[in-house]
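With compact mmCIF, C-alpha atoms inside, this is target-v1.txt:
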# COMPACT_ATOMS: atom_id res chain seq x y z
CA MET A 76 28.11 24.77 20.80
CA ARG A 77 27.72 21.63 18.73
CA ILE A 78 26.31 18.18 19.41
CA GLU A 79 28.36 15.11 18.49
CA LEU A 80 27.77 11.38 18.64
CA GLU A 81 30.63 9.51 20.26
CA LYS A 82 30.84 5.74 19.82
CA ARG A 83 30.55 3.85 23.10
CA PRO A 84 33.54 1.60 23.90
CA GLN A 85 31.19 -1.17 25.04
CA VAL A 86 27.55 -1.86 24.14
CA SER A 87 25.18 -2.91 26.93
CA LYS A 88 23.64 -6.31 26.13
CA LEU A 89 20.71 -5.54 28.42
CA PHE A 90 19.81 -2.31 26.63
CA ALA A 91 20.34 -3.94 23.23
CA PHE A 92 17.72 -6.54 24.22
CA VAL A 93 15.32 -4.02 25.79
CA SER A 94 15.59 -1.48 22.94
CA PRO A 95 12.71 -2.79 20.75
CA LEU A 96 10.44 -3.06 23.80
CA LEU A 97 11.30 0.50 24.81
CA ALA A 98 10.56 1.65 21.25
CA LEU A 99 7.11 0.04 21.41
CA VAL A 100 6.37 1.65 24.80
CA LEU A 101 7.39 5.08 23.49
CA THR A 102 5.22 4.51 20.41
CA LEU A 103 2.22 3.79 22.62
CA ILE A 104 2.88 6.90 24.74
CA PHE A 105 3.18 9.22 21.77
CA GLY A 106 0.26 7.45 20.08
CA ALA A 107 -1.88 8.25 23.12
CA ILE A 108 -0.78 11.90 22.88
CA MET A 109 -1.69 11.92 19.18
CA PHE A 110 -5.19 10.53 19.84
CA THR A 111 -5.70 13.12 22.58
CA MET A 112 -4.79 15.90 20.14
CA LEU A 113 -7.30 14.41 17.67
CA GLY A 114 -10.01 14.67 20.32
CA LYS A 115 -10.26 10.91 20.90
CA ASP A 116 -10.12 9.02 24.18
CA PRO A 117 -6.56 7.60 24.14
CA VAL A 118 -7.48 4.49 26.19
CA GLU A 119 -10.40 3.67 23.90
CA ALA A 120 -8.31 4.36 20.82
CA LEU A 121 -5.37 2.18 21.88
CA ASP A 122 -7.80 -0.56 22.90
CA ALA A 123 -9.38 -0.46 19.43
CA PHE A 124 -5.97 -0.38 17.80
CA PHE A 125 -4.13 -3.11 19.70
CA LEU A 126 -6.57 -5.24 21.74
CA GLU A 127 -9.85 -5.58 19.80
CA PRO A 128 -8.20 -7.35 16.83
CA LEU A 129 -6.95 -10.11 19.17
CA LEU A 130 -10.31 -11.03 20.73
CA GLU A 131 -11.87 -13.03 17.87
CA VAL A 132 -10.63 -16.16 16.09
CA TRP A 133 -11.36 -14.76 12.64
CA SER A 134 -9.30 -11.64 13.43
CA LEU A 135 -6.36 -13.84 14.44
CA HIS A 136 -6.63 -15.37 10.97
CA GLU A 137 -6.53 -11.88 9.49
CA LEU A 138 -3.46 -11.15 11.60
CA ALA A 139 -1.72 -14.17 10.07
CA VAL A 140 -2.78 -13.06 6.56
CA LYS A 141 -1.20 -9.65 7.04
CA ALA A 142 1.88 -10.94 8.88
CA ALA A 143 2.82 -13.49 6.21
CA PRO A 144 4.07 -11.05 3.52
CA LEU A 145 5.72 -8.82 6.13
CA ILE A 146 7.73 -11.71 7.58
CA LEU A 147 8.69 -13.17 4.19
CA ILE A 148 9.90 -9.84 2.84
CA ALA A 149 11.63 -8.75 6.06
CA VAL A 150 13.59 -12.01 6.35
CA GLY A 151 15.09 -11.40 2.91
CA LEU A 152 15.77 -7.75 3.68
CA ALA A 153 17.54 -8.72 6.92
CA VAL A 154 20.09 -10.73 4.92
CA CYS A 155 20.55 -7.76 2.59
CA TYR A 156 21.01 -5.23 5.37
CA ARG A 157 23.35 -7.41 7.41
CA SER A 158 25.57 -7.68 4.34
CA ASN A 159 25.53 -3.84 4.06
CA ASN A 160 23.42 -3.81 0.90
CA TRP A 161 20.39 -1.54 1.10
CA ASN A 162 17.47 -2.93 -0.84
CA ILE A 163 14.64 -0.40 -0.48
CA GLY A 164 12.68 -1.73 -3.47
CA ALA A 165 11.00 -4.80 -1.96
CA GLU A 166 7.60 -3.29 -2.77
CA GLY A 167 8.47 -3.39 -6.46
CA GLN A 168 9.85 -6.94 -6.22
CA PHE A 169 6.64 -7.93 -4.41
CA THR A 170 4.61 -6.49 -7.31
CA ILE A 171 6.67 -8.13 -10.05
CA GLY A 172 6.50 -11.46 -8.22
CA ALA A 173 2.72 -11.15 -8.18
CA ILE A 174 2.72 -10.45 -11.92
CA THR A 175 5.05 -13.24 -13.01
CA GLY A 176 3.39 -15.74 -10.70
CA SER A 177 -0.04 -14.82 -12.11
CA TYR A 178 1.02 -15.53 -15.69
CA ILE A 179 -0.14 -19.16 -15.65
CA PRO A 180 -3.63 -18.73 -14.09
CA ILE A 181 -4.37 -15.70 -16.29
CA VAL A 182 -2.91 -16.71 -19.66
CA PHE A 183 -3.40 -20.48 -19.34
CA TYR A 184 -6.66 -20.29 -17.41
CA ASP A 185 -7.97 -23.49 -19.01
CA TRP A 186 -5.05 -25.55 -17.67
CA HIS A 187 -6.12 -27.45 -14.55
CA SER A 188 -3.30 -29.39 -12.94
CA PRO A 189 -1.72 -29.92 -9.49
CA LEU A 190 1.41 -28.36 -10.99
CA VAL A 191 -0.23 -24.96 -11.43
CA LEU A 192 0.32 -23.64 -7.87
CA PRO A 193 3.95 -24.87 -7.47
CA LEU A 194 4.84 -23.31 -10.84
CA MET A 195 3.15 -20.06 -9.81
CA LEU A 196 5.22 -19.90 -6.61
CA ILE A 197 8.44 -20.61 -8.53
CA LEU A 198 7.65 -17.97 -11.15
CA GLY A 199 6.78 -15.45 -8.43
CA ALA A 200 10.08 -15.97 -6.63
CA LEU A 201 11.98 -15.90 -9.93
CA GLY A 202 10.29 -12.67 -11.01
CA GLY A 203 11.12 -10.93 -7.74
CA ALA A 204 14.74 -12.13 -7.92
CA LEU A 205 15.20 -10.94 -11.52
CA PHE A 206 13.74 -7.53 -10.71
CA ALA A 207 16.09 -7.24 -7.73
CA ALA A 208 18.95 -8.16 -10.06
CA ILE A 209 18.68 -4.72 -11.71
CA PRO A 210 19.92 -2.67 -8.72
CA ALA A 211 22.39 -5.50 -7.95
CA LEU A 212 23.88 -5.20 -11.44
CA LEU A 213 24.05 -1.42 -11.25
CA LYS A 214 25.78 -1.47 -7.86
CA ALA A 215 28.17 -4.36 -8.51
CA HIS A 216 29.41 -3.17 -11.91
CA PHE A 217 28.69 0.57 -12.05
CA ASN A 218 28.90 1.52 -8.35
CA THR A 219 25.40 3.01 -8.49
CA ASN A 220 23.60 3.84 -5.25
CA GLU A 221 21.28 0.87 -4.68
CA ILE A 222 18.92 2.86 -2.43
CA LEU A 223 17.92 5.16 -5.29
CA THR A 224 17.74 2.53 -8.03
CA SER A 225 15.76 -0.02 -6.02
CA LEU A 226 13.34 2.66 -4.81
CA MET A 227 12.71 4.10 -8.28
CA LEU A 228 12.02 0.63 -9.66
CA VAL A 229 9.06 0.37 -7.27
CA TYR A 230 7.13 2.92 -9.31
CA ILE A 231 8.01 1.19 -12.57
CA ALA A 232 6.64 -2.09 -11.21
CA GLN A 233 3.42 -0.49 -9.98
CA LEU A 234 2.81 1.32 -13.26
CA PHE A 235 3.54 -1.87 -15.22
CA LEU A 236 0.95 -3.74 -13.13
CA ASP A 237 -1.61 -0.99 -13.71
CA TRP A 238 -0.92 -1.06 -17.47
CA LEU A 239 -1.34 -4.85 -17.63
CA ILE A 240 -4.59 -4.94 -15.67
CA ARG A 241 -6.15 -2.13 -17.67
CA GLY A 242 -4.95 -3.69 -20.92
CA ALA A 243 -3.94 -7.17 -21.98
CA TRP A 244 -4.81 -8.96 -18.72
CA ARG A 245 -8.16 -7.32 -18.05
CA ASP A 246 -10.96 -9.82 -17.51
CA PRO A 247 -13.12 -9.81 -20.68
CA LYS A 248 -16.12 -10.74 -18.50
CA GLY A 249 -15.30 -8.20 -15.78
CA PHE A 250 -17.72 -5.46 -16.93
CA ASN A 251 -14.72 -3.28 -17.87
CA PHE A 252 -13.38 -3.16 -14.27
CA PRO A 253 -9.56 -3.18 -14.04
CA VAL A 254 -9.17 -6.72 -12.65
CA SER A 255 -7.87 -9.97 -14.11
CA ARG A 256 -9.73 -13.27 -14.36
CA ASP A 257 -10.42 -14.94 -11.03
CA PHE A 258 -7.89 -17.67 -10.35
CA ALA A 259 -9.03 -21.28 -10.70
CA PRO A 260 -9.17 -23.38 -7.50
CA GLU A 261 -5.89 -25.08 -8.49
CA ALA A 262 -4.18 -21.66 -8.45
CA ILE A 263 -5.24 -20.70 -4.92
CA VAL A 264 -2.93 -21.04 -1.92
CA PRO A 265 -4.97 -23.32 0.39
CA ALA A 266 -6.29 -22.16 3.74
CA ILE A 267 -4.76 -23.53 6.93
CA TRP A 268 -8.08 -23.97 8.73
CA GLU A 269 -10.85 -22.89 6.40
CA GLU A 270 -13.70 -23.42 8.88
CA SER A 271 -12.57 -20.61 11.21
CA GLY A 272 -10.94 -18.04 8.91
CA ARG A 273 -9.00 -17.35 5.74
CA ALA A 274 -5.39 -17.62 6.95
CA HIS A 275 -3.49 -19.59 4.29
CA TRP A 276 -0.23 -21.46 3.90
CA ALA A 277 1.77 -18.32 3.11
CA PHE A 278 2.02 -17.82 6.88
CA ILE A 279 3.57 -21.28 7.22
CA PHE A 280 5.95 -20.48 4.36
CA ALA A 281 6.99 -17.31 6.20
CA ILE A 282 7.69 -19.12 9.48
CA VAL A 283 9.67 -21.87 7.70
CA ALA A 284 11.67 -19.27 5.74
CA ALA A 285 12.51 -17.38 8.94
CA VAL A 286 13.72 -20.54 10.70
CA LEU A 287 15.80 -21.67 7.71
CA VAL A 288 17.41 -18.25 7.28
CA TRP A 289 18.15 -18.11 11.01
CA PHE A 290 19.89 -21.49 10.69
CA MET A 291 21.82 -20.25 7.65
CA MET A 292 22.98 -17.09 9.40
CA ARG A 293 23.90 -18.94 12.61
CA PHE A 294 25.49 -22.18 11.44
CA THR A 295 26.65 -21.95 7.80
CA LEU A 296 29.60 -20.45 5.97
CA LYS A 297 27.30 -18.30 3.84
CA GLY A 298 25.82 -16.72 6.97
CA PHE A 299 29.32 -16.05 8.30
CA GLU A 300 30.21 -14.46 4.96
CA VAL A 301 27.17 -12.18 5.15
CA VAL A 302 28.12 -11.00 8.64
CA VAL A 303 31.82 -10.49 7.89
CA LEU A 304 31.28 -8.52 4.67
CA GLY A 305 28.54 -6.49 6.34
CA GLN A 306 30.83 -5.46 9.19
CA SER A 307 34.03 -4.95 7.20
CA GLU A 308 34.44 -5.37 3.46
CA ARG A 309 38.21 -5.22 3.85
CA ALA A 310 38.20 -8.05 6.40
CA GLY A 311 35.97 -10.05 4.07
CA ARG A 312 38.47 -9.68 1.24
CA PHE A 313 41.24 -10.99 3.49
CA ALA A 314 39.02 -14.00 4.25
CA GLY A 315 38.59 -14.64 0.54
CA PHE A 316 35.00 -13.40 0.28
CA SER A 317 33.79 -11.41 -2.74
CA SER A 318 31.76 -8.26 -2.08
CA LYS A 319 30.38 -8.33 -5.65
CA LYS A 320 29.12 -11.89 -5.24
CA MET A 321 27.54 -10.88 -1.95
CA ILE A 322 25.71 -8.01 -3.65
CA TRP A 323 24.25 -10.47 -6.13
CA PHE A 324 23.39 -13.05 -3.50
CA SER A 325 21.72 -10.67 -1.08
CA PHE A 326 19.64 -8.88 -3.71
CA LEU A 327 18.55 -12.05 -5.50
CA PHE A 328 17.71 -13.74 -2.19
CA SER A 329 15.68 -10.84 -0.83
CA GLY A 330 14.00 -10.29 -4.20
CA ALA A 331 12.99 -13.96 -4.40
CA LEU A 332 11.33 -13.87 -0.98
CA ALA A 333 9.56 -10.60 -1.83
CA GLY A 334 8.34 -12.09 -5.11
CA LEU A 335 7.13 -15.21 -3.30
CA ALA A 336 5.24 -12.97 -0.86
CA GLY A 337 3.67 -11.15 -3.82
CA ILE A 338 2.24 -14.22 -5.54
CA CYS A 339 1.10 -15.68 -2.19
CA GLU A 340 -0.76 -12.46 -1.42
CA VAL A 341 -2.49 -12.41 -4.82
CA SER A 342 -3.26 -16.12 -4.87
CA GLY A 343 -4.11 -16.65 -1.20
CA SER A 344 -5.73 -13.38 -0.11
CA ILE A 345 -7.14 -11.71 -3.24
CA GLY A 346 -7.82 -14.44 -5.82
CA HIS A 347 -7.06 -12.30 -8.86
CA LEU A 348 -4.72 -9.55 -10.01
CA GLN A 349 -5.74 -5.90 -9.58
CA PRO A 350 -3.99 -2.49 -9.65
CA ALA A 351 -3.66 -2.29 -5.83
CA ILE A 352 -2.36 -5.51 -4.29
CA SER A 353 -0.39 -4.14 -1.34
CA PRO A 354 -1.01 -1.54 1.38
CA GLY A 355 2.74 -0.95 1.47
CA TYR A 356 4.03 -4.31 2.70
CA GLY A 357 7.42 -3.83 1.03
CA PHE A 358 8.10 -0.58 2.88
CA THR A 359 6.61 -1.72 6.19
CA ALA A 360 8.85 -4.81 6.03
CA ILE A 361 11.84 -2.48 6.46
CA ILE A 362 10.44 -1.51 9.87
CA VAL A 363 9.76 -5.18 10.62
CA ALA A 364 13.39 -6.09 9.82
CA PHE A 365 14.85 -3.43 12.12
CA LEU A 366 12.32 -3.98 14.90
CA GLY A 367 13.32 -7.65 14.79
CA ARG A 368 17.00 -6.64 15.15
CA LEU A 369 17.71 -8.14 11.69
CA ASN A 370 17.28 -11.54 13.34
CA PRO A 371 14.91 -13.89 11.44
CA LEU A 372 13.36 -15.23 14.65
CA GLY A 373 12.87 -11.70 15.98
CA ILE A 374 11.28 -10.79 12.66
CA ILE A 375 8.48 -13.30 13.30
CA ALA A 376 7.47 -11.37 16.44
CA SER A 377 7.92 -7.93 14.87
CA GLY A 378 5.98 -9.02 11.77
CA LEU A 379 3.01 -9.90 13.97
CA VAL A 380 3.28 -6.53 15.75
CA LEU A 381 3.28 -4.55 12.51
CA ALA A 382 0.49 -6.71 11.10
CA LEU A 383 -1.48 -5.74 14.19
CA THR A 384 -1.07 -2.07 13.27
CA TYR A 385 -2.75 -2.76 9.90
CA LEU A 386 -5.56 -4.74 11.51
CA GLY A 387 -5.93 -2.28 14.38
CA GLY A 388 -5.97 0.64 11.97
CA GLU A 389 -8.95 -0.88 10.14
CA ALA A 390 -10.73 -1.52 13.45
CA ALA A 391 -10.03 2.01 14.69
CA GLN A 392 -11.48 3.52 11.52
CA LEU A 393 -14.79 1.77 12.23
CA SER A 394 -14.97 2.11 16.01
CA ILE A 395 -13.63 5.60 16.70
CA GLY A 396 -13.67 7.17 13.22
CA VAL A 397 -10.01 8.00 12.59
CA SER A 398 -8.26 8.21 9.23
CA ASP A 399 -6.40 5.26 7.72
CA LYS A 400 -3.30 7.48 7.81
CA VAL A 401 -3.09 6.81 11.56
CA THR A 402 -1.72 3.35 10.72
CA ARG A 403 1.19 4.89 8.81
CA VAL A 404 1.83 7.31 11.68
CA PHE A 405 2.12 4.40 14.12
CA GLN A 406 4.46 2.53 11.79
CA GLY A 407 6.58 5.64 11.34
CA LEU A 408 6.74 6.19 15.11
CA ILE A 409 7.91 2.61 15.63
CA LEU A 410 10.71 2.99 13.07
CA PHE A 411 11.74 6.37 14.49
CA PHE A 412 11.96 5.10 18.07
CA VAL A 413 13.69 1.85 17.08
CA LEU A 414 16.41 3.75 15.23
CA SER A 415 16.66 6.37 17.99
CA CYS A 416 17.03 3.77 20.74
CA ASP A 417 19.60 1.85 18.71
CA THR A 418 21.57 5.04 18.11
CA LEU A 419 21.71 5.79 21.83
CA ILE A 420 22.82 2.21 22.55
CA TYR A 421 25.83 2.44 20.26
CA TYR A 422 26.61 6.14 20.68
CA LYS A 423 26.48 8.69 23.46
CA ILE A 424 25.63 12.35 22.96
CA ARG A 425 28.42 14.80 23.67
CA ILE A 426 28.01 18.58 23.75
CA VAL A 427 31.10 20.43 22.58
CA TRP A 428 31.50 24.06 23.59
CA SER A 429 33.76 26.01 21.28
CA ARG A 430 34.92 29.58 21.75
CA VAL A 431 34.94 31.97 18.85
CA ARG A 432 38.14 33.90 18.84
CA GLY A 433 38.08 37.30 17.26
CA SER A 434 40.95 39.65 16.56
CA ALA A 435 40.84 43.31 17.36
CA ALA A 436 40.89 45.59 14.33

Would you put the structure from the file into structure tokens?
Amino acid sequence: MRIELEKRPQVSKLFAFVSPLLALVLTLIFGAIMFTMLGKDPVEALDAFFLEPLLEVWSLHELAVKAAPLILIAVGLAVCYRSNNWNIGAEGQFTIGAITGSYIPIVFYDWHSPLVLPLMLILGALGGALFAAIPALLKAHFNTNEILTSLMLVYIAQLFLDWLIRGAWRDPKGFNFPVSRDFAPEAIVPAIWEESGRAHWAFIFAIVAAVLVWFMMRFTLKGFEVVVLGQSERAGRFAGFSSKKMIWFSFLFSGALAGLAGICEVSGSIGHLQPAISPGYGFTAIIVAFLGRLNPLGIIASGLVLALTYLGGEAAQLSIGVSDKVTRVFQGLILFFVLSCDTLIYYKIRIVWSRVRGSAA
């Protein structure tokens, strides 16, 4: 007996739409089972995880703070994945964007000008794009697996950040702690509504980026090129599209958005550079992209959902005393069920019974 996946002749539009919702429901069910096994009241735990963070205005601000980098990164990754290029290194591009964007407020800390913040954002996006160009170059010209190269570069970026903060960029007045100088007010991404919380303009950037990329994918030739090459490279060649150029475009584009998310996170949420600037936004954004069906508008909703898992995880640690690893478990469950539901939408399971024929000696 063997189990095979057989491609369905026609995909149900209803189930394709319902699939992410079904994945979330299954995640909640298995999350409740997990909390029960941990000896916690599942209703109380799920309430702390998903409802408590939505009851206060300041926590809604925190939700926007955490959703901004997820949406920005996931929108870029969606373009990559729809073109059949698998950028798994957004976490590294996020980190390099934070480093390059922080160059001006750390090295030229005495320069006070309205140009400081725009230049920081440009440098952050440029740094992320250039770092993403490494796996793009290796794939386009050496046929190297981009999943491995982009993933390994994450650790190089993180170690480079740690080396900088403990060395040349350490704050000389920081009592030997591994942090950079605090950014000047001109280098801070402004808050949206400072009186009620600390949500900043990175969230607006993320929403605008999602809308613009949706427009590009829906109504422009470049979006059509992304879709065609992603579905069939051979068909794309007949249409006159270049797969190598698409590799470069998709990696540079996704890297730029990840780098922009990195400098926005450092400038808007932290205020200085430090060894740990991300709880794993670059990896979680992969889940956000697939939960949003690789659609930029869907990514806005899925980014808020995954941001809620971060916020709810922090609340659950305080209220019911669970480990911070529970957040990662929830995120992993969401990805598992999203991919499982999608697989069953496009394929049906077929059991094949085979007889073993033996010959008499």

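Counting all atoms listed in the file, the residue from A:Leu97, A:Ala277, A:Leu236, A:Val413 that sits nearest to A:Ser344 is A:Ala277.
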
Could you state the separation of atom CA of A:Ile231 and atom CA of A:Ile409 in Å, given to one decimal place?
->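 So the answer is 28.2 Å.
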
Can you list, as a CSV table (one decimal) with C-alpha atoms, in the frame of the given file, every protein, DNA or RNA residue that comes within 12 Å of A:Lys400 when you count all atoms listed in the file, leaving out same-chain residues fewer than 6 positions away?
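Saved the output as selection-v5.csv:
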chain,number,residue,atom,x,y,z
A,354,PRO,CA,-1.0,-1.5,1.4
A,384,THR,CA,-1.1,-2.1,13.3
A,385,TYR,CA,-2.8,-2.8,9.9
A,388,GLY,CA,-6.0,0.6,12.0
A,389,GLU,CA,-9.0,-0.9,10.1
A,391,ALA,CA,-10.0,2.0,14.7
A,392,GLN,CA,-11.5,3.5,11.5
A,406,GLN,CA,4.5,2.5,11.8
A,407,GLY,CA,6.6,5.6,11.3

Counting only C-alpha atoms, which residues of stretch 113-156 of chain A sit at most 7 Å from some atom of stretch 161-175 of chain A, and what is each one's closest atom pair with its distance in Å to one decimal, listed by chain and rising residue number, as JSON lines?
{"residue": "A:Leu152", "atom": "CA", "partner": "A:Asn162", "partner_atom": "CA", "distance": 6.8}
{"residue": "A:Cys155", "atom": "CA", "partner": "A:Trp161", "partner_atom": "CA", "distance": 6.4}
{"residue": "A:Tyr156", "atom": "CA", "partner": "A:Trp161", "partner_atom": "CA", "distance": 5.7}

Excluding same-chain residues fewer than 2 positions from A:Leu121, what lies within 10 Å of it counting all atoms listed in the file, as a list in words?
->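 What passes the distance filter is Leu103, Ile104, Gly106, Ala107, Phe110, Asp116, Pro117, Val118, Glu119, Ala123, Phe124, Phe125, Leu126, Glu127, Gly387 and Ala391 of chain A.
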
Of the candidates A:Ser134, A:Ser158, A:Asn220, A:Ser225, which shows the shortest atom-to-atom distance to A:Gly330, using only C-alpha atoms?
->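 Under the stated criterion, the closest residue is A:Ser225.
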
List every residue of stretch 262-283 of chain A that has an atom at most 10 Å from any atom of stretch 331-336 of chain A, and for each one report the closest atom pair and its distance in Å to one decimal, counting only C-alpha atoms, with rows sorted by chain and then by increasing residue number, as CSV.
residue,atom,partner,partner_atom,distance
A:Ala277,CA,A:Ala336,CA,7.5
A:Phe278,CA,A:Ala336,CA,9.7
A:Phe280,CA,A:Ala336,CA,9.2
A:Ala281,CA,A:Ala336,CA,8.5
